[in-house]
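Engineer: Dropping in input_6.tsv, which is TSV, C-alpha atoms:
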```tsv
chain	number	residue	atom	x	y	z
A	1	MET	CA	-88.24	131.84	9.13
A	2	PRO	CA	-88.67	134.10	12.14
A	3	PHE	CA	-92.25	132.97	12.83
A	4	MET	CA	-91.02	129.50	13.86
A	5	TYR	CA	-89.92	130.81	17.26
A	6	LYS	CA	-92.47	129.48	19.71
A	7	PRO	CA	-92.57	131.37	22.98
A	8	SER	CA	-95.79	129.53	23.71
A	9	LEU	CA	-93.75	126.43	24.55
A	10	TRP	CA	-92.26	128.36	27.45
A	11	GLY	CA	-95.73	129.51	28.47
A	12	PHE	CA	-97.01	125.94	28.57
A	13	ALA	CA	-93.92	124.82	30.48
A	14	ALA	CA	-94.59	127.55	33.03
A	15	SER	CA	-98.24	126.51	33.16
A	16	ALA	CA	-97.22	122.92	33.87
A	17	ILE	CA	-94.98	124.10	36.71
A	18	PHE	CA	-97.82	126.18	38.12
A	19	ILE	CA	-100.18	123.18	37.93
A	20	ALA	CA	-97.63	121.15	39.87
A	21	MET	CA	-97.43	123.91	42.48
A	22	THR	CA	-101.23	123.91	42.68
A	23	ILE	CA	-101.30	120.18	43.37
A	24	ILE	CA	-98.57	120.50	46.02
A	25	THR	CA	-100.39	123.28	47.84
A	26	ILE	CA	-103.71	121.40	47.66
A	27	GLN	CA	-102.02	118.46	49.36
A	28	ASP	CA	-100.77	120.82	52.07
A	29	SER	CA	-104.37	122.07	52.54
A	30	GLU	CA	-103.42	125.66	51.78
A	31	TRP	CA	-106.48	126.58	49.73
A	32	ILE	CA	-105.81	130.27	49.15
A	33	ASP	CA	-102.32	129.56	47.83
A	34	ALA	CA	-103.66	126.68	45.73
A	35	LEU	CA	-106.30	128.96	44.26
A	36	MET	CA	-103.68	131.54	43.32
A	37	TRP	CA	-101.40	128.93	41.70
A	38	GLY	CA	-104.39	127.48	39.86
A	39	LEU	CA	-105.49	130.87	38.55
A	40	LEU	CA	-101.95	131.61	37.42
A	41	SER	CA	-101.67	128.28	35.57
A	42	VAL	CA	-105.03	128.78	33.85
A	43	SER	CA	-104.13	132.32	32.85
A	44	PHE	CA	-100.83	131.18	31.34
A	45	ALA	CA	-102.56	128.34	29.47
A	46	VAL	CA	-105.22	130.68	28.09
A	47	LYS	CA	-102.68	133.36	27.19
A	48	TYR	CA	-100.39	131.05	25.23
A	49	MET	CA	-102.98	128.66	23.81
A	50	PRO	CA	-103.86	130.66	20.65
A	51	LYS	CA	-100.23	130.82	19.47
A	52	PHE	CA	-99.69	127.18	20.34
A	53	LEU	CA	-102.80	126.11	18.43
A	54	ILE	CA	-101.98	128.20	15.36
A	55	PHE	CA	-98.43	126.95	14.96
A	56	SER	CA	-98.84	123.22	15.47
A	57	VAL	CA	-101.29	120.37	15.59
A	58	PRO	CA	-99.32	118.59	18.34
A	59	GLY	CA	-99.70	121.79	20.31
A	60	ALA	CA	-103.46	121.45	20.01
A	61	MET	CA	-103.29	117.94	21.40
A	62	VAL	CA	-101.05	118.99	24.28
A	63	SER	CA	-103.30	121.88	25.19
A	64	LEU	CA	-106.42	119.72	25.02
A	65	ILE	CA	-104.88	117.01	27.17
A	66	THR	CA	-103.61	119.62	29.64
A	67	LEU	CA	-107.00	121.24	29.98
A	68	ILE	CA	-108.84	117.92	30.33
A	69	ALA	CA	-106.35	116.54	32.85
A	70	GLY	CA	-106.37	119.74	34.90
A	71	GLY	CA	-110.15	119.86	34.91
A	72	ALA	CA	-110.39	116.21	35.89
A	73	LEU	CA	-107.93	116.66	38.75
A	74	PHE	CA	-109.79	119.72	39.98
A	75	ALA	CA	-113.18	117.97	39.77
A	76	ALA	CA	-111.88	114.85	41.54
A	77	ASP	CA	-110.31	116.87	44.33
A	78	ALA	CA	-113.41	119.04	44.71
A	79	ALA	CA	-115.65	115.94	44.90
A	80	GLU	CA	-113.35	114.44	47.55
A	81	LYS	CA	-113.39	117.63	49.63
A	82	ILE	CA	-117.17	117.93	49.36
A	83	GLY	CA	-117.55	114.30	50.43
A	84	GLN	CA	-115.35	114.87	53.49
A	85	GLY	CA	-117.06	117.86	54.88
```
Using structure tokens, write down the structure that the file contains.
Structural biologist:
Amino acid sequence: MPFMYKPSLWGFAASAIFIAMTIITIQDSEWIDALMWGLLSVSFAVKYMPKFLIFSVPGAMVSLITLIAGGALFAADAAEKIGQG
């Protein structure tokens, strides 16, 4: 079955790496670089999400958890930065 090949797994793995790079650059206070890594991770997640959702229910759960966790981290960090200055 050739349709079982899931390149979206690689896309989500890359997105996870980019999210980690975003968090690292946020901690280094390099906001422009963090913004670029964040945009890249979101674009990879959005690009590969439809294939991931179509082919598997666990993929839907992973993508939902990834989006919620990423949004929560971003909101928490933004609230902390707003509170500081």
Engineer: Could you jot down the atom CA of Ala16 of chain A to atom CA of Gly83 of chain A separation for me, Å, one decimal place?
Structural biologist: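 If I compute the distance from atom CA of Ala16 of chain A to atom CA of Gly83 of chain A, I get 27.6 Å.
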Engineer: Find the distance between atom CA of Ala72 of chain A and atom CA of Gly38 of chain A and write it in Å to one decimal.
Structural biologist: 13.4 Å
Engineer: So which residues touch Thr25 of chain A within 10 Å, counting all atoms listed in the file, skipping near sequence neighbours fewer than 3 positions away, as an mmCIF file with C-alpha atoms, keeping the file's coordinate frame?
Structural biologist:
```
data_model
loop_
_atom_site.group_PDB
_atom_site.id
_atom_site.type_symbol
_atom_site.label_atom_id
_atom_site.label_comp_id
_atom_site.auth_asym_id
_atom_site.auth_seq_id
_atom_site.Cartn_x
_atom_site.Cartn_y
_atom_site.Cartn_z
ATOM 1 C CA ILE A 19 -100.180 123.180 37.930
ATOM 2 C CA ALA A 20 -97.630 121.150 39.870
ATOM 3 C CA MET A 21 -97.430 123.910 42.480
ATOM 4 C CA THR A 22 -101.230 123.910 42.680
ATOM 5 C CA ASP A 28 -100.770 120.820 52.070
ATOM 6 C CA SER A 29 -104.370 122.070 52.540
ATOM 7 C CA GLU A 30 -103.420 125.660 51.780
ATOM 8 C CA TRP A 31 -106.480 126.580 49.730
ATOM 9 C CA ILE A 32 -105.810 130.270 49.150
ATOM 10 C CA ASP A 33 -102.320 129.560 47.830
ATOM 11 C CA ALA A 34 -103.660 126.680 45.730
ATOM 12 C CA LEU A 35 -106.300 128.960 44.260
ATOM 13 C CA MET A 36 -103.680 131.540 43.320
ATOM 14 C CA TRP A 37 -101.400 128.930 41.700
ATOM 15 C CA GLY A 38 -104.390 127.480 39.860
#
```
Engineer: Tell me, in Å to one decimal, how far atom CA of Gly11 of chain A is from atom CA of Ile24 of chain A.
Structural biologist: 19.9 Å
Engineer: Which polymer residues, protein or nucleic acid, are no farther than 9 Å from (-100.8, 125.8, 30.4), counting all atoms listed in the file, as a PyMOL selection string?
Structural biologist: chain A and resi 11-19+41-49+63+66-67
